[in-house]
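Visitor: Sharing input-v5.txt below, compact mmCIF, C-alpha atoms and all ligand atoms:
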# COMPACT_ATOMS: atom_id res chain seq x y z
CA MET T 773 37.82 60.29 8.75
CA ALA T 774 35.52 61.52 11.50
CA GLN T 775 36.45 60.06 14.86
CA LEU T 776 33.74 59.42 17.39
CA SER T 777 34.26 59.39 21.10
CA GLU T 778 33.90 55.98 22.69
CA ASP T 779 30.65 56.67 24.45
CA CYS T 780 29.02 59.06 22.05
CA PHE T 781 25.90 56.98 21.63
CA ALA T 782 25.50 56.09 25.29
CA PHE T 783 21.98 56.24 26.62
CA GLY T 784 21.13 55.17 30.13
CA GLY T 785 17.34 55.21 30.01
CA ALA T 786 15.17 52.12 29.80
CA LEU T 787 13.41 52.59 26.48
CA LEU T 788 14.81 55.18 24.11
CA PRO T 789 12.07 57.15 22.35
CA VAL T 790 12.49 57.48 18.58
CA GLU T 791 12.72 61.28 18.82
CA LYS T 792 15.51 61.00 21.37
CA ALA T 793 17.42 58.55 19.16
CA LEU T 794 17.03 60.96 16.26
CA SER T 795 18.34 63.87 18.28
CA LEU T 796 21.33 61.80 19.49
CA ILE T 797 22.14 61.02 15.86
CA ALA T 798 21.74 64.65 14.81
CA GLU T 799 24.03 65.79 17.63
CA ARG T 800 26.73 63.15 17.53
CA ILE T 801 27.29 62.14 13.91
CA VAL T 802 30.07 64.15 12.28
CA PRO T 803 29.83 64.48 8.48
CA VAL T 804 32.67 63.48 6.18
CA THR T 805 34.47 66.63 5.13
CA GLU T 806 36.36 65.70 1.98
CA SER T 807 34.90 66.94 -1.24
CA GLU T 808 35.63 66.49 -4.92
CA SER T 809 34.61 68.01 -8.20
CA VAL T 810 32.42 65.86 -10.45
CA PRO T 811 31.05 66.37 -13.95
CA LEU T 812 27.57 67.85 -13.82
CA ALA T 813 26.04 64.89 -15.65
CA SER T 814 27.17 62.47 -12.95
CA SER T 815 26.33 64.63 -9.94
CA GLN T 816 22.75 63.45 -9.38
CA GLY T 817 22.22 62.20 -5.83
CA ARG T 818 25.52 63.69 -4.62
CA VAL T 819 25.63 66.17 -1.75
CA LEU T 820 26.58 69.69 -2.81
CA ALA T 821 29.67 70.68 -0.80
CA GLU T 822 29.40 74.45 -1.22
CA GLY T 823 26.54 76.79 -1.94
CA LEU T 824 26.28 77.63 -5.63
CA MET T 825 25.97 81.35 -6.34
CA ALA T 826 24.57 82.58 -9.63
CA PRO T 827 27.49 84.03 -11.65
CA PHE T 828 25.04 86.03 -13.80
CA ASP T 829 21.36 86.83 -14.00
CA LEU T 830 19.10 83.98 -15.09
CA PRO T 831 17.69 84.43 -17.64
CA PRO T 832 20.70 86.44 -18.79
CA HIS T 833 18.59 88.76 -20.95
CA ALA T 834 14.97 89.88 -20.93
CA ASN T 835 13.18 87.78 -23.53
CA SER T 836 9.83 87.06 -25.05
CA ALA T 837 7.55 84.46 -23.44
CA VAL T 838 5.51 83.97 -26.62
CA ASP T 839 5.58 84.16 -30.39
CA GLY T 840 4.21 87.55 -31.46
CA TYR T 841 5.14 91.20 -31.84
CA ALA T 842 7.39 93.24 -29.57
CA VAL T 843 6.43 96.88 -29.20
CA ALA T 844 7.01 99.91 -27.04
CA PHE T 845 3.95 100.15 -24.80
CA ALA T 846 4.02 103.92 -25.28
CA ASP T 847 3.22 103.39 -28.98
CA LEU T 848 -0.08 101.60 -28.25
CA LEU T 849 -3.39 103.42 -28.31
CA PRO T 850 -5.16 102.69 -25.04
CA ASP T 851 -8.73 102.36 -26.35
CA ARG T 852 -8.58 101.21 -29.94
CA GLU T 853 -6.57 99.14 -32.35
CA THR T 854 -3.01 100.26 -33.15
CA VAL T 855 -1.44 99.65 -36.53
CA LEU T 856 2.38 99.48 -36.62
CA LYS T 857 4.95 98.80 -39.29
CA VAL T 858 6.77 95.47 -38.89
CA ASP T 859 10.40 95.66 -39.81
CA GLY T 860 12.83 93.71 -37.69
CA ARG T 861 12.81 90.10 -36.58
CA ALA T 862 14.14 88.52 -33.37
CA ALA T 863 14.27 84.77 -32.75
CA ALA T 864 15.86 82.63 -30.03
CA GLY T 865 19.60 82.78 -30.64
CA HIS T 866 19.13 85.57 -33.18
CA PRO T 867 18.69 88.89 -31.40
CA LEU T 868 17.65 91.98 -33.33
CA PRO T 869 21.03 93.54 -34.16
CA ARG T 870 19.80 97.09 -33.47
CA PRO T 871 17.46 98.88 -31.07
CA ALA T 872 13.77 98.94 -31.96
CA ARG T 873 12.67 102.22 -33.47
CA PRO T 874 9.73 104.22 -32.14
CA GLY T 875 6.50 103.33 -33.89
CA GLU T 876 7.73 99.95 -35.04
CA ALA T 877 6.72 96.38 -34.12
CA ILE T 878 9.33 93.62 -34.15
CA ARG T 879 8.34 90.10 -35.18
CA ILE T 880 9.54 88.08 -32.18
CA PHE T 881 9.60 84.43 -31.13
CA THR T 882 9.70 82.71 -27.75
CA GLY T 883 13.09 83.03 -26.06
CA ALA T 884 14.33 85.82 -28.31
CA PRO T 885 16.04 88.65 -26.41
CA MET T 886 13.77 91.67 -26.09
CA PRO T 887 15.00 94.34 -28.51
CA GLU T 888 16.17 97.49 -26.78
CA GLY T 889 13.30 99.97 -26.82
CA ALA T 890 10.55 97.31 -26.81
CA ASP T 891 8.98 96.47 -23.45
CA THR T 892 5.79 94.56 -24.29
CA VAL T 893 4.92 91.55 -26.47
CA LEU T 894 1.55 90.85 -28.07
CA MET T 895 0.79 87.20 -28.76
CA GLN T 896 0.47 86.47 -32.45
CA GLU T 897 -3.03 85.08 -31.82
CA ASP T 898 -4.10 88.60 -30.81
CA CYS T 899 -2.64 90.30 -33.89
CA VAL T 900 -3.50 90.53 -37.58
CA ALA T 901 -0.50 90.94 -39.85
CA ALA T 902 -0.59 91.84 -43.54
CA GLU T 903 1.57 93.68 -46.03
CA GLY T 904 4.28 94.73 -43.62
CA LEU T 905 1.82 96.03 -41.03
CA VAL T 906 0.36 94.53 -37.87
CA ARG T 907 -2.95 95.44 -36.23
CA LEU T 908 -2.76 95.18 -32.44
CA LYS T 909 -5.78 94.87 -30.14
CA PRO T 910 -6.03 97.38 -27.29
CA GLY T 911 -6.05 96.36 -23.62
CA ILE T 912 -2.64 94.79 -23.05
CA ARG T 913 -0.67 95.74 -19.94
CA ARG T 914 2.82 97.22 -20.04
CA GLY T 915 5.49 94.52 -19.90
CA ALA T 916 3.12 91.70 -20.89
CA ASN T 917 4.71 88.46 -22.14
CA ARG T 918 8.18 89.73 -21.31
CA ARG T 919 10.43 87.66 -19.06
CA GLU T 920 12.79 89.84 -17.07
CA SER T 921 16.49 89.14 -16.88
CA GLY T 922 17.31 87.65 -13.47
CA GLU T 923 13.66 86.82 -12.72
CA ASP T 924 14.55 83.15 -12.17
CA VAL T 925 17.79 83.62 -10.20
CA ALA T 926 19.46 86.99 -9.71
CA LYS T 927 23.22 87.32 -10.14
CA GLY T 928 25.14 86.84 -6.89
CA THR T 929 22.28 85.12 -5.04
CA LEU T 930 22.26 81.53 -3.80
CA ALA T 931 21.03 79.16 -6.51
CA LEU T 932 21.63 75.86 -4.67
CA ALA T 933 22.47 75.54 -0.99
CA ALA T 934 25.35 73.52 0.44
CA GLY T 935 24.14 70.18 1.76
CA ARG T 936 21.56 69.71 -0.95
CA ARG T 937 21.25 66.24 -2.46
CA LEU T 938 21.23 67.01 -6.13
CA LYS T 939 18.05 66.21 -8.03
CA PRO T 940 17.37 66.40 -11.78
CA ALA T 941 15.98 69.95 -11.60
CA ASP T 942 19.10 71.05 -9.65
CA LEU T 943 21.30 69.71 -12.45
CA GLY T 944 19.18 71.67 -14.90
CA LEU T 945 19.55 74.87 -12.88
CA ALA T 946 23.32 74.40 -12.48
CA ALA T 947 23.60 73.84 -16.24
CA ALA T 948 21.54 76.97 -16.97
CA LEU T 949 24.05 78.86 -14.83
CA GLY T 950 26.92 77.49 -16.86
CA PHE T 951 28.41 75.01 -14.39
CA SER T 952 29.95 71.94 -16.00
CA GLU T 953 31.33 70.53 -12.75
CA LEU T 954 30.04 70.68 -9.20
CA PRO T 955 31.80 70.47 -5.84
CA VAL T 956 30.29 67.55 -3.92
CA ARG T 957 31.07 65.69 -0.74
CA ARG T 958 32.88 62.44 -1.14
CA ALA T 959 30.37 59.57 -1.44
CA LEU T 960 30.08 57.50 1.73
CA LYS T 961 31.81 54.14 1.73
CA VAL T 962 29.59 51.71 3.56
CA ALA T 963 30.49 48.14 4.43
CA LEU T 964 27.47 45.84 4.56
CA LEU T 965 27.21 42.36 5.98
CA SER T 966 24.68 39.86 7.20
CA THR T 967 25.19 37.52 10.09
CA GLY T 968 23.62 34.16 10.69
CA ASP T 969 24.48 30.48 10.22
CA GLU T 970 21.08 29.94 8.61
CA LEU T 971 21.68 32.39 5.79
CA MET T 972 22.54 31.41 2.24
CA GLU T 973 23.24 33.32 -0.91
CA PRO T 974 20.25 33.37 -3.30
CA GLY T 975 20.99 31.00 -6.15
CA ALA T 976 22.76 28.42 -4.01
CA PRO T 977 20.85 25.17 -3.42
CA ARG T 978 19.08 25.59 -0.10
CA ALA T 979 20.34 23.42 2.73
CA PRO T 980 17.94 22.00 5.35
CA GLY T 981 16.90 24.71 7.78
CA ALA T 982 18.51 27.44 5.69
CA ILE T 983 16.94 30.66 4.44
CA TYR T 984 18.20 33.02 1.80
CA ASP T 985 19.72 36.29 2.89
CA ALA T 986 17.08 38.94 2.21
CA ASN T 987 18.44 41.80 4.31
CA ARG T 988 21.62 42.42 2.38
CA PHE T 989 19.66 42.96 -0.82
CA LEU T 990 17.08 45.14 0.87
CA LEU T 991 19.86 47.17 2.47
CA THR T 992 21.97 47.42 -0.68
CA GLY T 993 19.02 49.01 -2.43
CA LEU T 994 18.28 51.37 0.45
CA LEU T 995 21.93 52.43 0.75
CA ALA T 996 22.28 52.93 -2.99
CA GLY T 997 19.18 55.15 -2.90
CA LEU T 998 21.05 57.40 -0.47
CA GLY T 999 24.08 57.63 -2.74
CA ALA T 1000 26.35 55.37 -0.68
CA ARG T 1001 29.07 53.21 -2.24
CA VAL T 1002 28.38 49.79 -0.79
CA SER T 1003 31.04 47.14 -0.19
CA ASP T 1004 29.23 43.86 0.03
CA LEU T 1005 31.01 41.78 2.67
CA GLY T 1006 28.57 38.92 2.28
CA ILE T 1007 27.26 36.60 4.95
CA LEU T 1008 29.18 36.01 8.14
CA ALA T 1009 28.72 32.91 10.21
CA ASP T 1010 27.85 33.23 13.90
CA ARG T 1011 31.50 32.91 14.94
CA GLU T 1012 33.25 35.56 16.95
CA GLU T 1013 36.67 35.40 15.31
CA ALA T 1014 35.27 35.64 11.78
CA LEU T 1015 33.09 38.58 12.77
CA ALA T 1016 35.92 40.36 14.55
CA ASP T 1017 38.26 39.98 11.56
CA ALA T 1018 35.63 41.20 9.12
CA LEU T 1019 34.65 44.22 11.20
CA GLN T 1020 38.22 45.24 11.86
CA SER T 1021 39.22 45.17 8.22
CA ALA T 1022 35.98 46.91 7.20
CA ALA T 1023 36.71 49.72 9.65
CA SER T 1024 40.00 50.53 7.96
CA ALA T 1025 38.42 51.42 4.63
CA HIS T 1026 34.87 52.61 5.26
CA ASP T 1027 32.90 55.49 6.73
CA LEU T 1028 30.20 53.25 8.16
CA ILE T 1029 29.58 49.58 8.84
CA VAL T 1030 26.03 48.26 8.60
CA THR T 1031 25.18 44.80 9.86
CA SER T 1032 21.97 42.88 10.30
CA GLY T 1033 21.16 40.03 12.66
CA GLY T 1034 22.97 38.66 15.68
CA MET T 1035 22.20 41.73 17.74
CA SER T 1036 20.07 40.07 20.34
CA THR T 1037 21.47 38.61 23.49
CA GLY T 1038 20.89 34.93 22.72
CA GLU T 1039 23.87 32.57 22.83
CA GLU T 1040 24.02 32.61 19.01
CA ASP T 1041 24.19 36.39 18.95
CA HIS T 1042 27.82 37.44 18.98
CA MET T 1043 27.81 40.95 17.60
CA LYS T 1044 27.63 42.64 20.98
CA ARG T 1045 30.67 40.90 22.45
CA VAL T 1046 32.67 41.23 19.25
CA VAL T 1047 32.03 44.94 18.81
CA GLU T 1048 32.68 45.62 22.48
CA GLY T 1049 35.99 43.80 22.12
CA LEU T 1050 37.00 45.99 19.18
CA GLY T 1051 35.60 49.34 20.22
CA SER T 1052 32.36 50.09 21.92
CA LEU T 1053 28.72 49.31 21.47
CA HIS T 1054 25.61 50.88 22.84
CA PHE T 1055 22.40 49.00 22.65
CA TRP T 1056 19.46 51.12 22.12
CA ARG T 1057 16.36 49.49 23.42
CA LEU T 1058 14.19 51.59 21.22
CA ALA T 1059 10.60 52.36 22.01
CA ILE T 1060 9.68 51.23 18.51
CA LYS T 1061 7.76 48.41 16.89
CA PRO T 1062 8.84 46.62 14.84
CA GLY T 1063 12.53 46.99 15.59
CA ARG T 1064 14.22 45.01 18.27
CA PRO T 1065 17.28 46.58 19.84
CA VAL T 1066 19.28 48.60 17.39
CA ALA T 1067 22.92 49.04 18.25
CA LEU T 1068 25.19 51.89 17.54
CA GLY T 1069 28.83 51.48 18.15
CA GLN T 1070 32.19 52.12 16.72
CA VAL T 1071 35.11 50.08 15.56
CA GLY T 1072 38.34 52.01 15.13
CA GLY T 1073 36.43 55.30 15.24
CA VAL T 1074 34.11 54.20 12.42
CA PRO T 1075 30.43 54.12 13.30
CA LEU T 1076 28.77 50.73 13.25
CA LEU T 1077 25.06 50.36 12.92
CA GLY T 1078 23.77 46.99 14.08
CA LEU T 1079 20.30 46.43 12.71
CA PRO T 1080 17.94 43.66 13.79
CA GLY T 1081 17.64 40.39 11.86
CA ASN T 1082 13.98 40.35 10.99
CA PRO T 1083 13.58 41.96 7.56
CA VAL T 1084 10.66 44.24 8.45
CA ALA T 1085 12.50 45.46 11.54
CA VAL T 1086 15.49 46.07 9.29
CA ALA T 1087 13.41 48.15 6.90
CA VAL T 1088 11.76 50.19 9.67
CA THR T 1089 14.92 50.88 11.64
CA PHE T 1090 16.80 51.70 8.45
CA LEU T 1091 14.21 54.12 7.12
CA ILE T 1092 13.54 55.79 10.45
CA LEU T 1093 17.02 55.84 12.04
CA ALA T 1094 19.77 54.72 9.69
CA ARG T 1095 18.60 57.00 6.90
CA PRO T 1096 18.95 60.24 8.89
CA LEU T 1097 22.25 58.97 10.30
CA ILE T 1098 23.60 58.27 6.83
CA LEU T 1099 22.36 61.60 5.47
CA LYS T 1100 24.05 63.43 8.33
CA LEU T 1101 27.27 61.50 7.79
CA ALA T 1102 27.12 62.33 4.07
CA GLY T 1103 26.80 66.05 4.85
CA ALA T 1104 23.24 66.31 3.54
CA ILE T 1105 21.03 69.00 5.04
CA GLU T 1106 17.32 68.55 4.40
CA PRO T 1107 14.01 68.79 6.16
CA PRO T 1108 12.60 65.61 7.72
CA PRO T 1109 10.33 63.44 5.56
CA ILE T 1110 6.75 64.64 5.20
CA SER T 1111 3.93 62.61 6.70
CA PHE T 1112 0.30 63.59 6.49
CA ALA T 1113 -3.05 62.75 8.04
CA VAL T 1114 -5.28 60.11 6.45
CA ARG T 1115 -8.35 58.18 7.63
CA ALA T 1116 -7.83 54.78 9.19
CA GLY T 1117 -9.67 52.05 7.29
CA PHE T 1118 -9.04 49.56 10.08
CA SER T 1119 -9.15 49.12 13.82
CA TYR T 1120 -6.11 48.37 15.93
CA ARG T 1121 -5.00 48.13 19.54
CA LYS T 1122 -1.51 48.86 20.77
CA LYS T 1123 0.52 49.12 23.94
CA PRO T 1124 1.35 52.63 25.09
CA GLY T 1125 4.97 53.76 25.40
CA ARG T 1126 6.31 52.85 21.98
CA ARG T 1127 5.92 54.14 18.48
CA GLU T 1128 4.52 51.71 15.94
CA TYR T 1129 5.00 51.62 12.22
CA LEU T 1130 2.12 49.72 10.64
CA ARG T 1131 2.45 48.87 6.98
CA ALA T 1132 -0.52 50.18 5.05
CA SER T 1133 -1.71 50.97 1.57
CA LEU T 1134 -3.68 54.02 0.54
CA ARG T 1135 -6.86 54.26 -1.40
CA GLN T 1136 -8.87 57.24 -2.49
CA GLU T 1137 -12.44 57.44 -1.19
CA GLY T 1138 -14.09 60.54 -2.58
CA GLU T 1139 -12.05 63.45 -1.30
CA GLU T 1140 -10.30 61.37 1.33
CA LEU T 1141 -7.30 59.10 1.53
CA VAL T 1142 -7.94 55.96 3.52
CA ALA T 1143 -5.15 53.76 4.88
CA GLN T 1144 -5.70 50.01 4.91
CA LYS T 1145 -3.44 48.12 7.26
CA TYR T 1146 -1.64 45.09 5.87
CA PRO T 1147 -3.41 42.11 7.47
CA ARG T 1148 -0.32 40.46 8.98
CA GLU T 1149 2.00 42.33 11.31
CA GLY T 1150 5.00 40.09 12.10
CA ALA T 1151 8.51 41.51 11.84
CA GLY T 1152 9.39 38.72 9.42
CA ILE T 1153 6.54 39.42 6.97
CA LEU T 1154 8.55 41.15 4.27
CA SER T 1155 5.60 41.02 1.86
CA SER T 1156 3.88 43.51 4.18
CA ILE T 1157 6.32 46.12 2.87
CA VAL T 1158 6.25 44.94 -0.72
CA ARG T 1159 2.46 45.24 -0.77
CA SER T 1160 2.11 48.53 1.08
CA ASP T 1161 2.55 52.20 0.23
CA GLY T 1162 3.93 53.43 3.52
CA PHE T 1163 3.73 53.45 7.29
CA VAL T 1164 0.85 54.44 9.51
CA ILE T 1165 2.74 55.89 12.45
CA LEU T 1166 1.09 55.49 15.84
CA ASP T 1167 2.67 57.63 18.49
CA GLU T 1168 3.77 56.49 21.92
CA ALA T 1169 0.60 57.55 23.71
CA THR T 1170 -1.84 55.94 21.27
CA THR T 1171 -3.54 52.77 22.52
CA ALA T 1172 -6.27 52.20 19.95
CA VAL T 1173 -7.26 53.16 16.46
CA ALA T 1174 -10.92 53.09 15.43
CA PRO T 1175 -12.04 53.00 11.79
CA GLY T 1176 -12.39 56.57 10.51
CA ALA T 1177 -9.84 57.99 12.97
CA SER T 1178 -7.24 60.40 11.64
CA VAL T 1179 -3.81 58.76 11.55
CA LYS T 1180 -0.35 59.86 10.42
CA PHE T 1181 0.86 58.33 7.15
CA LEU T 1182 4.46 58.34 5.95
CA PRO T 1183 4.71 57.28 2.29
CA PHE T 1184 7.66 55.05 1.45
CA SER T 1185 8.40 57.44 -1.41
CA GLU T 1186 9.41 60.06 1.19
CA VAL T 1187 12.14 57.86 2.64
CA LEU T 1188 13.27 55.51 -0.12
CA SER T 1189 15.89 57.91 -1.37
P1 LIG P 1 18.65 37.43 14.75
O1 LIG P 1 18.53 38.85 15.14
O2 LIG P 1 19.98 37.08 14.16
O3 LIG P 1 18.27 36.51 15.86
O4 LIG P 1 17.57 37.21 13.60
C1 LIG P 1 16.19 37.38 13.82
C2 LIG P 1 15.39 36.72 12.71
O5 LIG P 1 15.71 37.34 11.46
C3 LIG P 1 15.70 35.26 12.51
O6 LIG P 1 14.49 34.61 12.16
C4 LIG P 1 16.66 35.23 11.36
O7 LIG P 1 16.66 34.03 10.65
C5 LIG P 1 16.13 36.37 10.53
N1 LIG P 1 17.20 36.93 9.72
C6 LIG P 1 18.38 37.36 10.19
N2 LIG P 1 19.14 37.82 9.19
C7 LIG P 1 18.42 37.68 8.07
C8 LIG P 1 18.67 37.98 6.70
N3 LIG P 1 19.83 38.52 6.32
N4 LIG P 1 17.71 37.72 5.79
C9 LIG P 1 16.53 37.17 6.19
N5 LIG P 1 16.24 36.88 7.45
C10 LIG P 1 17.17 37.12 8.39
MG MG P 2 21.03 35.37 13.90
Would it be possible to restate this file's structure as structure tokens?

Guide:
Amino acid sequence: MAQLSEDCFAFGGALLPVEKALSLIAERIVPVTESESVPLASSQGRVLAEGLMAPFDLPPHANSAVDGYAVAFADLLPDRETVLKVDGRAAAGHPLPRPARPGEAIRIFTGAPMPEGADTVLMQEDCVAAEGLVRLKPGIRRGANRRESGEDVAKGTLALAAGRRLKPADLGLAAALGFSELPVRRALKVALLSTGDELMEPGAPRAPGAIYDANRFLLTGLLAGLGARVSDLGILADREEALADALQSAASAHDLIVTSGGMSTGEEDHMKRVVEGLGSLHFWRLAIKPGRPVALGQVGGVPLLGLPGNPVAVAVTFLILARPLILKLAGAIEPPPISFAVRAGFSYRKKPGRREYLRASLRQEGEELVAQKYPREGAGILSSIVRSDGFVILDEATTAVAPGASVKFLPFSEVLS
């Protein structure tokens, strides 16, 4: 298991900019190295451990892209109709068992290997066949409707790069190249727990002053979307000994511990002291809203990510910081999520010096996409995420948004898996 140095997340500055936090994560998190071989059909979402080279040309043979007639281009008259004898037949899975003869057209179907000697295919719609002959229109170009062997992926070239999180099309490509198993990184084992005396398990009768634990379910879904194996450690009371025991045993069997709540410095917030007692903890006072201090620490060399308690702050800090951390730890290599410019359909004022993630939905207005901000902003308003399509990201320097201004939009779909 990757060991982290005690102070690897230390940051002395006052407010840590999001970009700086991201670069600390990129620099300091060491991926798990173990890999395993898994059946192709169950490899979706796993991180490819080694680059996959094409063992042969794909497609393996030149073949017809249409149903029609395969001919030698040299047999075609350039300026008028050509009439050729039709003799052989080639269908997918049933190649012509001999080379094509000069002056002959071969009846051919999509996917059939191109007969040796034929280089061009005329679509059947452009041909008139009768009594063993076919009349071919002039004007086709040499090589038309022929798919070359290796035109998709050439033998010996990289088909899928190491670090790729496997998607359905990747599985298709690996299958086309004959792979029945793939080498993937071991899935991350993540321990997940919530802290707070007020929290109850959904389904239990609610006690006075209690709320149901929302974060653990939000986080289970987010972690599962990243391919992590989640151990649900439940709800922990705000008691130091219970927390310490739980964290210590979690550290022995996991690659990462994710907690929510109890990270502030109030007298009911014990995470800081407990984690410091077991290993080390670095509070990041992030220049982000929403998202109260996020903490990164380690217990027994295992990274611990202490997320805020408020559910919207949990979602934002997870999607913006925990997600890249987890992907790095899992060995995934991918470009950052794509955001794009849209028009603001609202006005807003903000303090400079921190990055804000407003929840917003998109609507199409003519050619333009317009972002409408969710009307309520509080870090506890979980419905703001449920009813939105993504984040409008306002950078540190921004202090106001006027209707019609161009703003950066990050769709949830870019970061939910
Ligand atoms: P804390 O950081 O523990 O002070 O929590 C901040 C706010 O988030 C409080 O209102 C908590 O009740 C709330 N909160 C903490 N954990 C959860 C949770 N798992 N589900 C829903 N709300 C929570
Ligand atoms: Mg609490």

Visitor: Provide the CA of His1042 (chain T) to CA of Val1086 (chain T) distance in Å, to one decimal place.

Guide: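 One can read the CA of His1042 (chain T) to CA of Val1086 (chain T) distance as 17.9 Å.
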
Visitor: Distance atom C8 of ligand LIG 1 (chain P)-CA of Gly1033 (chain T), one decimal place?

Guide: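 Rounded to one decimal, the two atoms are 6.8 Å apart.
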
Visitor: Can you write out as a tab-separated table which residues of chain T fall within 7 Å of ligand LIG 1 (chain P), alongside each residue's closest atom pair and its distance in Å to one decimal, counting all atoms listed in the file and ordering rows by chain and ascending residue number?

Guide:
residue	atom	partner	partner_atom	distance
T:Ser966	CA	P:LIG1	N3	5.1
T:Thr967	CA	P:LIG1	N2	6.1
T:Gly968	CA	P:LIG1	O2	5.8
T:Glu970	CA	P:LIG1	O7	6.4
T:Leu971	CA	P:LIG1	C8	6.4
T:Ile983	CA	P:LIG1	C9	6.8
T:Tyr984	CA	P:LIG1	N4	6.2
T:Asp985	CA	P:LIG1	N4	3.8
T:Ala986	CA	P:LIG1	N4	3.8
T:Asn987	CA	P:LIG1	N3	4.1
T:Arg988	CA	P:LIG1	N3	5.8
T:Ser1032	CA	P:LIG1	N2	5.9
T:Gly1033	CA	P:LIG1	O2	3.5
T:Gly1034	CA	P:LIG1	O2	3.7
T:Met1035	CA	P:LIG1	O1	5.3
T:Ser1036	CA	P:LIG1	O1	5.6
T:Asp1041	CA	P:LIG1	O2	6.4
T:Pro1080	CA	P:LIG1	O1	5.0
T:Gly1081	CA	P:LIG1	C6	3.5
T:Asn1082	CA	P:LIG1	O5	3.5
T:Pro1083	CA	P:LIG1	N5	5.7
T:Gly1152	CA	P:LIG1	O5	6.8

Visitor: At most 8 Å from (16.5, 74.3, -8.4), file frame, all atoms listed in the file: which residues, as a PyMOL selection string?

Guide: chain T and resi 931-932+941-946

Visitor: Please report the interatomic distance between CA of Gly911 (chain T) and CA of Pro887 (chain T) in Å with one decimal.

Guide: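 Distance between the two atoms: 21.7 Å.
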
Visitor: Restricting the calculation to all atoms listed in the file, which member of T:Ala863, T:Leu1005, T:Leu1079, T:Val900 is positioned closest to ligand MG 2 (chain P)?

Guide: T:Leu1079
